[in-house]
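J.: Structure file coords37.cif, mmCIF, C-alpha atoms, is pasted below:
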```
data_data
#
loop_
_atom_site.label_atom_id
_atom_site.label_comp_id
_atom_site.auth_asym_id
_atom_site.auth_seq_id
_atom_site.Cartn_x
_atom_site.Cartn_y
_atom_site.Cartn_z
CA MET A 1 -0.89 -23.56 8.62
CA VAL A 2 -0.09 -24.38 5.00
CA ILE A 3 -0.94 -21.58 2.60
CA TYR A 4 0.34 -21.52 -0.94
CA ILE A 5 1.44 -18.26 -2.51
CA ASN A 6 0.22 -18.46 -6.10
CA GLY A 7 0.80 -14.87 -7.19
CA THR A 8 2.63 -11.79 -5.92
CA GLY A 9 2.76 -8.11 -6.84
CA CYS A 10 4.87 -5.45 -5.22
CA ILE A 11 5.45 -1.73 -5.55
CA SER A 12 8.22 -0.36 -3.37
CA HIS A 13 11.20 1.96 -3.28
CA GLN A 14 13.01 -0.65 -5.41
CA ASN A 15 12.06 -1.75 -8.90
CA THR A 16 9.95 -4.67 -7.74
CA ILE A 17 7.63 -4.66 -10.74
CA ASP A 18 10.32 -6.19 -12.92
CA VAL A 19 10.47 -9.63 -11.30
CA ASP A 20 12.75 -11.05 -14.01
CA THR A 21 15.72 -8.95 -12.97
CA PHE A 22 14.67 -9.50 -9.31
CA LEU A 23 16.31 -6.55 -7.62
CA GLY A 24 19.25 -6.78 -9.99
CA ASN A 25 19.53 -3.01 -9.95
CA SER A 26 18.54 -2.57 -6.33
CA GLN A 27 20.29 0.13 -4.37
CA ILE A 28 20.48 1.00 -0.73
CA THR A 29 19.40 4.63 -0.83
CA CYS A 30 20.79 6.79 1.94
CA GLN A 31 17.81 9.10 2.25
CA PRO A 32 15.43 9.67 5.14
CA LEU A 33 12.35 9.31 2.89
CA LEU A 34 12.17 6.30 0.57
CA LEU A 35 9.29 6.84 -1.84
CA ALA A 36 8.02 4.09 -4.12
CA GLN A 37 9.15 3.71 -7.73
CA GLU A 38 5.85 4.08 -9.53
CA PRO A 39 4.94 2.41 -12.79
CA ASP A 40 2.92 4.09 -15.54
CA TYR A 41 -0.45 3.46 -13.92
CA LYS A 42 -2.25 3.93 -17.25
CA ASP A 43 -0.80 0.56 -18.28
CA TYR A 44 -2.90 -1.06 -15.56
CA VAL A 45 -5.95 1.13 -14.84
CA PRO A 46 -8.27 3.02 -17.24
CA ALA A 47 -7.44 6.76 -17.23
CA ASN A 48 -10.99 7.78 -16.26
CA MET A 49 -10.72 5.65 -13.10
CA LEU A 50 -7.24 6.86 -12.23
CA ARG A 51 -8.34 10.47 -11.76
CA ARG A 52 -10.10 9.66 -8.49
CA MET A 53 -7.36 7.44 -7.13
CA SER A 54 -4.83 8.70 -4.65
CA HIS A 55 -1.24 7.43 -4.54
CA ILE A 56 -1.93 4.51 -2.17
CA ILE A 57 -4.98 3.35 -4.13
CA LYS A 58 -2.98 3.29 -7.37
CA MET A 59 -0.11 1.38 -5.73
CA GLY A 60 -2.54 -1.11 -4.18
CA ILE A 61 -4.57 -1.70 -7.31
CA VAL A 62 -1.53 -2.25 -9.51
CA ALA A 63 0.15 -4.61 -7.01
CA ALA A 64 -3.14 -6.53 -6.70
CA LYS A 65 -3.55 -6.74 -10.48
CA ILE A 66 0.00 -8.05 -10.96
CA SER A 67 -0.53 -10.74 -8.31
CA LEU A 68 -3.80 -11.80 -9.96
CA GLN A 69 -2.09 -11.96 -13.37
CA GLN A 70 0.66 -14.14 -11.91
CA ALA A 71 -1.91 -16.46 -10.34
CA GLU A 72 -3.80 -16.52 -13.66
CA LEU A 73 -7.01 -15.43 -11.92
CA GLU A 74 -9.55 -12.74 -12.71
CA ASN A 75 -11.44 -12.93 -9.43
CA VAL A 76 -11.01 -14.22 -5.89
CA ASP A 77 -13.16 -15.48 -3.01
CA ALA A 78 -11.99 -12.81 -0.57
CA ILE A 79 -10.02 -9.58 -0.47
CA ILE A 80 -8.22 -8.83 2.80
CA THR A 81 -5.87 -5.90 3.27
CA GLY A 82 -3.77 -4.57 6.11
CA THR A 83 -2.74 -0.94 6.43
CA GLY A 84 -1.38 1.11 9.28
CA LEU A 85 -2.67 4.46 8.12
CA GLY A 86 -4.94 3.71 5.16
CA CYS A 87 -5.59 6.44 2.60
CA PHE A 88 -3.67 9.03 4.53
CA GLU A 89 -3.28 11.57 1.72
CA ASP A 90 -7.04 11.88 1.25
CA THR A 91 -7.68 11.82 5.01
CA ASP A 92 -5.26 14.72 5.36
CA LYS A 93 -6.88 16.55 2.44
CA PHE A 94 -10.39 16.05 3.83
CA LEU A 95 -9.50 17.15 7.37
CA LYS A 96 -7.66 20.23 6.08
CA THR A 97 -10.70 21.21 3.98
CA ILE A 98 -12.94 20.87 7.05
CA ILE A 99 -10.72 23.35 8.93
CA GLU A 100 -10.05 25.74 6.03
CA ASN A 101 -13.69 25.93 4.93
CA ASN A 102 -15.13 26.04 8.42
CA GLU A 103 -16.87 22.66 8.03
CA GLN A 104 -18.57 23.84 4.83
CA LEU A 105 -18.11 23.02 1.12
CA LEU A 106 -16.64 19.56 1.57
CA THR A 107 -15.96 17.66 -1.62
CA PRO A 108 -17.14 14.06 -1.77
CA THR A 109 -14.10 12.44 -3.41
CA SER A 110 -11.68 13.03 -0.53
CA PHE A 111 -14.32 11.87 1.95
CA ILE A 112 -15.10 8.69 0.03
CA GLN A 113 -11.42 7.89 -0.34
CA SER A 114 -10.30 8.84 3.14
CA THR A 115 -11.38 5.62 4.80
CA HIS A 116 -8.83 2.92 5.62
CA ASN A 117 -10.67 0.25 3.63
CA THR A 118 -10.91 2.19 0.34
CA VAL A 119 -8.21 0.18 -1.42
CA ALA A 120 -9.85 -3.19 -0.75
CA GLY A 121 -13.14 -1.66 -1.95
CA GLN A 122 -11.63 -0.21 -5.11
CA ILE A 123 -10.02 -3.56 -5.99
CA ALA A 124 -13.40 -5.25 -5.49
CA LEU A 125 -15.07 -2.68 -7.77
CA LEU A 126 -12.40 -3.12 -10.42
CA ILE A 127 -12.56 -6.92 -10.57
CA LYS A 128 -16.29 -7.03 -9.69
CA CYS A 129 -15.71 -9.11 -6.57
CA HIS A 130 -18.78 -9.20 -4.31
CA ASN A 131 -17.22 -11.58 -1.79
CA TYR A 132 -15.72 -11.17 1.69
CA ASN A 133 -13.88 -7.85 1.92
CA PHE A 134 -12.04 -6.80 5.04
CA THR A 135 -9.30 -4.40 6.07
CA TYR A 136 -7.18 -4.61 9.22
CA THR A 137 -5.66 -1.54 10.80
CA GLN A 138 -3.48 -2.85 13.61
CA GLN A 139 -0.46 -0.56 13.39
CA GLY A 140 2.70 -2.64 12.87
CA LEU A 141 0.72 -5.88 12.80
CA SER A 142 -1.84 -4.83 10.17
CA PHE A 143 -0.53 -7.05 7.38
CA GLU A 144 0.02 -10.05 9.65
CA SER A 145 -3.57 -9.68 10.93
CA ALA A 146 -4.79 -9.83 7.32
CA LEU A 147 -2.70 -12.97 6.76
CA ILE A 148 -4.11 -14.67 9.86
CA ASP A 149 -7.64 -13.84 8.70
CA ALA A 150 -6.81 -15.28 5.25
CA ASP A 151 -5.65 -18.48 6.94
CA MET A 152 -8.94 -18.74 8.86
CA PHE A 153 -10.91 -18.03 5.67
CA LEU A 154 -9.02 -20.72 3.76
CA ASN A 155 -9.60 -23.21 6.59
CA GLU A 156 -13.33 -22.63 6.36
CA ASN A 157 -13.50 -22.43 2.58
CA LYS A 158 -11.54 -25.14 0.85
CA ASN A 159 -10.47 -24.62 -2.78
CA SER A 160 -10.58 -20.86 -2.35
CA ASN A 161 -8.33 -18.04 -3.46
CA VAL A 162 -7.77 -15.03 -1.25
CA LEU A 163 -6.14 -11.76 -2.27
CA VAL A 164 -4.14 -10.39 0.68
CA GLY A 165 -2.21 -7.15 0.71
CA GLY A 166 -0.24 -4.86 2.97
CA LEU A 167 0.14 -1.21 2.03
CA ASP A 168 0.93 2.24 3.36
CA GLU A 169 1.83 5.59 1.83
CA ALA A 170 4.38 8.14 3.04
CA ILE A 171 2.94 11.61 2.72
CA GLN A 172 4.78 14.86 3.40
CA PRO A 173 2.71 16.07 6.43
CA TYR A 174 3.19 12.67 8.13
CA TYR A 175 6.93 12.73 7.37
CA ASP A 176 7.17 16.30 8.75
CA LEU A 177 5.44 15.22 11.97
CA LEU A 178 7.79 12.24 12.37
CA VAL A 179 10.79 14.57 11.86
CA LYS A 180 9.42 16.93 14.53
CA ALA A 181 8.95 13.99 16.91
CA GLY A 182 12.57 12.93 16.30
CA HIS A 183 11.68 9.56 14.76
CA ILE A 184 13.35 10.12 11.37
CA LYS A 185 17.06 9.50 11.02
CA LYS A 186 19.19 12.55 10.26
CA GLN A 187 20.70 12.53 6.76
CA GLU A 188 24.26 12.49 8.12
CA ASP A 189 23.50 9.42 10.30
CA ILE A 190 22.21 7.19 7.48
CA ILE A 191 24.48 4.28 6.59
CA THR A 192 23.99 1.46 4.10
CA GLU A 193 24.51 -1.36 6.62
CA ILE A 194 21.33 -0.97 8.61
CA GLU A 195 22.40 -3.40 11.36
CA LYS A 196 25.48 -1.32 12.20
CA ASN A 197 23.55 1.82 13.10
CA LYS A 198 24.57 3.56 16.29
CA THR A 199 22.02 6.37 16.09
CA LYS A 200 18.32 6.82 16.70
CA GLY A 201 15.65 7.16 14.03
CA PHE A 202 14.61 5.33 10.88
CA CYS A 203 14.08 6.10 7.19
CA LEU A 204 10.39 6.30 6.30
CA GLY A 205 9.25 4.10 3.42
CA GLU A 206 6.06 3.15 1.64
CA GLY A 207 4.75 0.48 -0.68
CA ALA A 208 2.09 -2.09 -1.53
CA SER A 209 2.59 -5.86 -1.65
CA PHE A 210 -0.20 -8.24 -2.63
CA PHE A 211 -0.44 -12.02 -2.62
CA VAL A 212 -2.89 -14.52 -4.05
CA LEU A 213 -3.14 -17.22 -1.41
CA SER A 214 -4.78 -20.60 -1.61
CA ASN A 215 -4.84 -23.95 0.14
CA GLN A 216 -4.38 -25.56 -3.27
CA LYS A 217 -0.97 -25.91 -4.84
CA ASN A 218 -0.94 -25.37 -8.59
CA LYS A 219 1.38 -24.57 -11.50
CA THR A 220 1.73 -20.92 -10.44
CA THR A 221 2.67 -21.72 -6.82
CA LYS A 222 5.83 -19.90 -5.74
CA ALA A 223 6.18 -20.75 -2.08
CA GLN A 224 4.22 -21.69 0.99
CA ILE A 225 3.61 -19.88 4.24
CA LYS A 226 4.12 -22.32 7.09
CA GLY A 227 3.34 -20.04 9.97
CA VAL A 228 2.51 -16.50 11.09
CA LYS A 229 2.47 -15.25 14.69
CA THR A 230 2.06 -11.80 16.18
CA TYR A 231 3.05 -10.32 19.53
CA ALA A 232 1.66 -7.03 20.80
CA ALA A 233 4.52 -6.74 23.28
CA ILE A 234 7.84 -8.49 23.69
CA LYS A 235 9.45 -8.08 27.11
CA GLY A 236 13.06 -8.41 26.02
CA SER A 237 15.56 -10.59 24.28
CA ASP A 238 14.80 -13.69 26.39
CA ASP A 239 11.07 -13.33 25.74
CA LEU A 240 11.69 -13.10 21.97
CA LYS A 241 13.94 -16.17 22.15
CA ASN A 242 11.28 -18.15 24.06
CA GLN A 243 8.49 -17.13 21.70
CA LEU A 244 10.63 -18.02 18.68
CA ALA A 245 11.42 -21.45 20.16
CA ILE A 246 7.66 -22.09 20.60
CA PHE A 247 6.92 -20.84 17.05
CA LEU A 248 9.57 -23.06 15.45
CA GLN A 249 8.55 -26.05 17.56
CA GLU A 250 4.97 -25.69 16.34
CA LEU A 251 6.29 -25.87 12.77
CA ASN A 252 8.55 -28.85 13.59
CA LEU A 253 11.58 -26.75 12.72
CA SER A 254 14.77 -25.82 14.51
CA ILE A 255 17.14 -22.88 14.08
CA ASN A 256 19.35 -25.12 11.91
CA ASP A 257 16.47 -25.58 9.45
CA ILE A 258 16.37 -21.84 8.69
CA SER A 259 18.25 -21.18 5.46
CA LEU A 260 17.86 -17.42 5.57
CA LEU A 261 16.78 -14.86 8.14
CA LEU A 262 15.09 -11.57 7.21
CA PRO A 263 15.13 -9.43 10.35
CA GLY A 264 13.11 -6.22 10.49
CA ASN A 265 15.89 -3.95 11.73
CA SER A 266 14.73 -0.39 11.17
CA GLY A 267 18.10 1.25 11.73
CA ASP A 268 17.07 2.78 15.08
CA VAL A 269 19.71 1.76 17.60
CA GLU A 270 17.17 1.51 20.44
CA ASP A 271 14.40 -0.26 18.53
CA ASP A 272 16.81 -2.79 17.01
CA LYS A 273 18.47 -3.75 20.29
CA ILE A 274 16.46 -6.93 20.90
CA LEU A 275 16.67 -8.01 17.26
CA ASN A 276 20.43 -7.48 17.14
CA GLU A 277 20.94 -9.56 20.30
CA ASN A 278 18.69 -12.26 18.87
CA ASN A 279 20.49 -12.25 15.50
CA LYS A 280 23.87 -12.54 17.19
CA GLN A 281 22.94 -15.22 19.74
CA LEU A 282 20.69 -17.50 17.68
CA PHE A 283 21.58 -16.91 14.06
CA SER A 284 25.36 -16.52 14.03
CA LYS A 285 25.60 -19.38 11.51
CA THR A 286 22.57 -18.36 9.44
CA ASP A 287 22.65 -16.14 6.38
CA ILE A 288 20.96 -12.81 7.05
CA VAL A 289 19.42 -10.32 4.61
CA TYR A 290 18.08 -7.04 5.98
CA PHE A 291 15.14 -5.58 4.11
CA LYS A 292 14.21 -2.21 5.61
CA ASN A 293 17.25 -0.56 3.99
CA LEU A 294 15.55 -1.53 0.69
CA CYS A 295 11.98 -0.44 1.42
CA GLY A 296 12.18 1.84 4.46
CA GLU A 297 10.26 1.52 7.71
CA PHE A 298 6.45 1.64 7.66
CA PHE A 299 3.57 -0.14 9.32
CA THR A 300 3.30 -2.82 6.63
CA ALA A 301 6.97 -3.28 5.68
CA SER A 302 6.54 -6.96 6.62
CA ALA A 303 4.46 -7.38 3.44
CA PHE A 304 7.54 -6.31 1.45
CA ALA A 305 9.56 -8.87 3.44
CA LEU A 306 7.07 -11.59 2.53
CA TRP A 307 7.32 -10.59 -1.15
CA LEU A 308 11.13 -10.74 -0.90
CA ALA A 309 11.10 -14.11 0.90
CA SER A 310 8.61 -15.73 -1.48
CA THR A 311 10.53 -14.49 -4.54
CA ILE A 312 13.85 -15.73 -3.13
CA VAL A 313 12.29 -19.15 -2.43
CA GLU A 314 10.70 -19.29 -5.89
CA LYS A 315 13.86 -18.29 -7.74
CA GLN A 316 16.21 -20.07 -5.29
CA ARG A 317 18.40 -17.03 -5.59
CA ILE A 318 19.32 -14.10 -3.38
CA PRO A 319 19.96 -10.94 -5.43
CA LYS A 320 23.72 -10.32 -5.65
CA THR A 321 23.28 -6.77 -4.39
CA LEU A 322 21.96 -8.24 -1.12
CA MET A 323 24.32 -11.18 -0.67
CA HIS A 324 27.29 -12.52 -2.59
CA ASN A 325 28.21 -16.18 -2.94
CA ASN A 326 25.06 -17.91 -1.90
CA ASN A 327 24.77 -21.36 -3.40
CA LYS A 328 22.82 -23.07 -0.64
CA GLU A 329 19.33 -24.46 -1.05
CA LEU A 330 16.85 -21.90 0.26
CA LYS A 331 14.25 -24.06 1.95
CA ASN A 332 12.93 -22.11 4.93
CA ILE A 333 13.07 -18.34 5.29
CA LEU A 334 12.23 -16.79 8.63
CA ILE A 335 11.02 -13.19 8.84
CA ILE A 336 11.24 -11.58 12.27
CA ASN A 337 9.71 -8.15 12.09
CA GLN A 338 9.37 -5.44 14.70
CA TYR A 339 7.70 -2.06 14.66
CA ARG A 340 9.07 0.51 17.12
CA ASN A 341 10.20 -2.34 19.38
CA THR A 342 6.63 -2.93 20.56
CA GLU A 343 4.96 -5.10 17.94
CA TYR A 344 6.77 -8.22 16.77
CA SER A 345 5.86 -10.91 14.27
CA PHE A 346 7.26 -14.15 12.88
CA MET A 347 6.54 -15.47 9.40
CA CYS A 348 8.00 -18.64 7.95
CA VAL A 349 8.12 -19.04 4.16
CA SER A 350 9.18 -22.36 2.64
CA SER A 351 9.80 -23.88 -0.74
CA CYS A 352 7.28 -26.44 -1.98
CA MET B 1 -19.16 35.20 -21.18
CA GLU B 2 -16.21 33.81 -23.17
CA ASN B 3 -13.84 34.49 -20.25
CA LEU B 4 -16.23 32.86 -17.82
CA ILE B 5 -16.50 29.76 -20.01
CA GLU B 6 -12.70 29.47 -20.27
CA ASN B 7 -12.31 29.89 -16.48
CA LEU B 8 -15.00 27.31 -15.85
CA LYS B 9 -13.26 24.79 -18.09
CA LYS B 10 -10.02 25.23 -16.14
CA GLN B 11 -11.81 24.99 -12.80
CA ILE B 12 -13.69 21.84 -13.84
CA ILE B 13 -10.44 20.18 -14.97
CA GLU B 14 -8.78 21.04 -11.67
CA GLN B 15 -11.71 20.15 -9.41
CA LEU B 16 -12.41 16.83 -11.12
CA ASN B 17 -8.72 16.00 -11.63
CA LEU B 18 -9.16 15.50 -15.39
CA ALA B 19 -5.41 15.31 -15.92
CA GLU B 20 -5.71 14.09 -19.51
CA VAL B 21 -8.12 16.85 -20.59
CA LYS B 22 -7.11 20.32 -21.80
CA PRO B 23 -9.53 23.30 -21.81
CA TYR B 24 -9.62 23.27 -25.63
CA ASP B 25 -10.76 19.62 -25.53
CA ILE B 26 -14.00 20.64 -23.85
CA ASP B 27 -16.82 21.66 -26.18
CA ALA B 28 -18.74 24.30 -24.22
CA SER B 29 -22.06 23.11 -25.67
CA ALA B 30 -21.44 19.36 -25.29
CA PRO B 31 -23.19 17.46 -22.45
CA LEU B 32 -21.13 17.19 -19.28
CA PHE B 33 -22.76 13.96 -18.12
CA GLY B 34 -23.18 10.65 -19.89
CA GLU B 35 -21.70 11.73 -23.22
CA GLY B 36 -19.10 14.50 -23.66
CA LEU B 37 -16.86 14.50 -20.61
CA GLY B 38 -18.72 11.45 -19.29
CA LEU B 39 -19.06 12.77 -15.74
CA ASP B 40 -21.00 10.89 -13.04
CA SER B 41 -22.97 11.58 -9.86
CA ILE B 42 -19.86 12.12 -7.71
CA ASP B 43 -18.70 14.72 -10.23
CA ALA B 44 -22.11 16.41 -9.90
CA LEU B 45 -21.49 16.85 -6.17
CA GLU B 46 -18.01 18.21 -6.91
CA LEU B 47 -19.54 20.74 -9.35
CA ILE B 48 -22.10 21.87 -6.75
CA VAL B 49 -19.21 22.55 -4.35
CA LEU B 50 -17.28 24.36 -7.13
CA LEU B 51 -20.28 26.59 -7.82
CA GLU B 52 -20.69 27.52 -4.18
CA LYS B 53 -17.00 27.90 -3.40
CA ASN B 54 -15.93 29.89 -6.46
CA TYR B 55 -19.11 31.84 -7.23
CA GLY B 56 -21.05 31.84 -3.96
CA LEU B 57 -24.06 30.23 -5.66
CA LYS B 58 -26.32 27.58 -4.15
CA ILE B 59 -28.82 25.72 -6.29
CA GLN B 60 -32.09 26.26 -4.44
CA GLU B 61 -34.27 23.87 -6.46
CA PRO B 62 -32.65 20.43 -7.00
CA LYS B 63 -34.85 19.90 -10.10
CA ASP B 64 -33.10 22.86 -11.77
CA ALA B 65 -29.69 21.17 -11.47
CA LYS B 66 -30.20 18.99 -14.53
CA ASN B 67 -30.57 22.03 -16.80
CA ILE B 68 -27.85 24.07 -15.09
CA PHE B 69 -25.27 21.27 -15.42
CA GLN B 70 -26.26 20.41 -18.99
CA SER B 71 -23.02 21.87 -20.39
CA VAL B 72 -20.25 24.36 -19.58
CA LYS B 73 -22.30 26.96 -21.50
CA THR B 74 -25.48 26.46 -19.44
CA LEU B 75 -23.41 26.53 -16.26
CA ALA B 76 -21.82 29.85 -17.35
CA GLU B 77 -25.25 31.28 -18.20
CA TYR B 78 -26.57 30.33 -14.76
CA ILE B 79 -23.54 31.93 -13.06
CA SER B 80 -23.74 35.19 -15.02
CA SER B 81 -27.48 35.54 -14.44
CA HIS B 82 -27.36 34.72 -10.70
CA LYS B 83 -24.04 36.14 -9.53
CA LYS B 84 -24.51 39.07 -7.21
#
```
Using structure tokens, write down the structure from this file.
T.:
Amino acid sequence: MVIYINGTGCISHQNTIDVDTFLGNSQITCQPLLLAQEPDYKDYVPANMLRRMSHIIKMGIVAAKISLQQAELENVDAIITGTGLGCFEDTDKFLKTIIENNEQLLTPTSFIQSTHNTVAGQIALLIKCHNYNFTYTQQGLSFESALIDADMFLNENKNSNVLVGGLDEAIQPYYDLLVKAGHIKKQEDIITEIEKNKTKGFCLGEGASFFVLSNQKNKTTKAQIKGVKTYAAIKGSDDLKNQLAIFLQELNLSINDISLLLPGNSGDVEDDKILNENNKQLFSKTDIVYFKNLCGEFFTASAFALWLASTIVEKQRIPKTLMHNNNKELKNILIINQYRNTEYSFMCVSSC
Amino acid sequence: MENLIENLKKQIIEQLNLAEVKPYDIDASAPLFGEGLGLDSIDALELIVLLEKNYGLKIQEPKDAKNIFQSVKTLAEYISSHKK
């Protein structure tokens, strides 16, 4: 797999719109709910269109528009998104109205916008793209599934550009349910160094990250994706080690070739157990940057990790707030993500 | 009638999420669709729900809808003449 990243756009809990400062003012927020820093959407979308867009649609459309601007494109050959929960706010609104109004008097807007593939559709409407349009909803592997589909599309359609995004929104009823289920970290247990957590639970995040991908390198190319692999179940630390060895071998890389590791530690002591063992045993000499203390945990947090990795590779710089004194060449960045210790993925991003 | 028109303006703004529009921006006699507020077919469905939910009125003849939804004023006239 060789896919070039020719444009990126990201909305997250950090100020990721301002790429020039590149997380210069980033902060590890010790809060159980990490909402996205939103731009003034009117700068990107006409006001009359905004009124029917929920939070996730606005985040997705703006991130997609920024990535297209960076790639100097107005249209693409395919739009592929990945989302764990889709347009959850409107789904919640629509279902509540069904109950409250006894299945009567249902308004069309919430219904239209409650489907998981609304964002990909809205982007297509906005840029008038009548091409391939697909959305993957595969829990913690939703974004990676979209990436794998983009790879297959680019293999079949040379000289193409594909817009790929991963996005999820954190809404209050969902957060409340996660608190009730004991999945959210208690305020007093939150620490800035996510890998040193000794307690259960994670901080819920949200965001939208989009990428213009192509099999053609050009003047806007930032980085390349060398490989993506997903695992629906990992049986333990040894299994993860074996799968990683196979993944790196397929890319003709070894552990020593990895300049930087981005592990998807969520801060939950149980869920991070395998990752922590792996980090300690295999990557003791590798620089490590954790990312879920920046964006929070959500089904498509790996899309934020890919944005972070591709921007680090492009700028050849790790933001000082994440790591001091890094002067090494940043050639290969490995992302190892996990969601609730069940779904794992590897992504390798390289300079080009 | 004046009170009804003012209430309708507020309800339309809320139902259609016209965040940029204030009640005084809406000319009660101006067309709701195409020109004026520039509403579309999805908004028409939202207005039908608004009419039923807030005033208990169902439009029996679909062909009448065009005249009823001509403007805020025509909508208010329909409500005041049909409300039980």
J.: With a distance threshold of 8 Å and counting only C-alpha atoms, extract the residues of chain B near chain A and express them as a PyMOL selection string.
T.: chain B and resi 16-20+42+45-46+49+52-53
J.: Could those residues be written to a file, using C-alpha atoms, as a CSV table (one decimal), keeping the file's coordinate frame?
T.:
```csv
chain,number,residue,atom,x,y,z
B,16,LEU,CA,-12.4,16.8,-11.1
B,17,ASN,CA,-8.7,16.0,-11.6
B,18,LEU,CA,-9.2,15.5,-15.4
B,19,ALA,CA,-5.4,15.3,-15.9
B,20,GLU,CA,-5.7,14.1,-19.5
B,42,ILE,CA,-19.9,12.1,-7.7
B,45,LEU,CA,-21.5,16.8,-6.2
B,46,GLU,CA,-18.0,18.2,-6.9
B,49,VAL,CA,-19.2,22.6,-4.4
B,52,GLU,CA,-20.7,27.5,-4.2
B,53,LYS,CA,-17.0,27.9,-3.4
```
J.: So that I can see what lies close to region 239-255 of chain A, please list as a ChimeraX atom specification the residues with an atom at most 12 Å from it, counting all atoms listed in the file and leaving out residues fewer than 4 positions away in the same chain.
T.: /A:1-2,225-235,259-261,273-287,331-338,341-350
J.: Could you tell me which residues the PyMOL selection byres ((chain A and resi 298) around 10) grabs in this file, written as an MDAnalysis selection string?
T.: chainID A and resid 83:85 139:140 167:170 202:207 266 292 295:297 299:302 339:340
J.: Can you pull out the residues contacting Thr137 (chain A)? Cut-off 9 Å, using all atoms listed in the file, and skip same-chain residues under 6 positions away; I want them as a list in words.
T.: Thr81, Gly82, Thr83, Gly84, Leu85, Gly86, His116, Asn117, Phe143 and Ser145 of chain A
J.: Around the point (-26.3, 13.8, -17.8) (coordinates from the file), which residues reach within 12 Å if we count all atoms listed in the file? Answer as a PyMOL selection string.
T.: chain B and resi 30-41+43-44+65-71
J.: For region 24-37 of chain B, where the input has fewer atoms than it should, I would like N, CA and C atoms rebuilt and written as a compact mmCIF listing (two decimals), keeping the file's coordinate frame.
T.:
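Wrote it out as out_12.txt, contents follow:
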```
# COMPACT_ATOMS: atom_id res chain seq x y z
N TYR B 24 -9.14 23.26 -24.23
CA TYR B 24 -9.62 23.27 -25.63
C TYR B 24 -10.27 21.95 -26.05
N ASP B 25 -10.10 20.89 -25.23
CA ASP B 25 -10.76 19.62 -25.53
C ASP B 25 -12.25 19.67 -25.19
N ILE B 26 -12.61 20.61 -24.32
CA ILE B 26 -14.00 20.64 -23.85
C ILE B 26 -14.84 21.53 -24.77
N ASP B 27 -15.85 20.91 -25.37
CA ASP B 27 -16.82 21.66 -26.18
C ASP B 27 -17.83 22.27 -25.22
N ALA B 28 -17.89 23.61 -25.20
CA ALA B 28 -18.74 24.30 -24.22
C ALA B 28 -20.21 23.90 -24.32
N SER B 29 -20.64 23.46 -25.50
CA SER B 29 -22.06 23.11 -25.67
C SER B 29 -22.33 21.61 -25.50
N ALA B 30 -21.27 20.83 -25.39
CA ALA B 30 -21.44 19.36 -25.29
C ALA B 30 -21.94 18.98 -23.89
N PRO B 31 -22.70 17.88 -23.77
CA PRO B 31 -23.19 17.46 -22.45
C PRO B 31 -22.03 17.10 -21.52
N LEU B 32 -22.18 17.50 -20.25
CA LEU B 32 -21.13 17.19 -19.28
C LEU B 32 -21.26 15.75 -18.78
N PHE B 33 -22.51 15.29 -18.68
CA PHE B 33 -22.76 13.96 -18.12
C PHE B 33 -23.15 12.96 -19.20
N GLY B 34 -22.84 11.71 -18.94
CA GLY B 34 -23.18 10.65 -19.89
C GLY B 34 -22.26 10.71 -21.08
N GLU B 35 -22.61 11.55 -22.07
CA GLU B 35 -21.70 11.73 -23.22
C GLU B 35 -20.67 12.81 -22.87
N GLY B 36 -20.07 13.41 -23.87
CA GLY B 36 -19.10 14.50 -23.66
C GLY B 36 -18.01 14.09 -22.71
N LEU B 37 -17.91 14.81 -21.58
CA LEU B 37 -16.86 14.50 -20.61
C LEU B 37 -17.14 13.21 -19.86
```
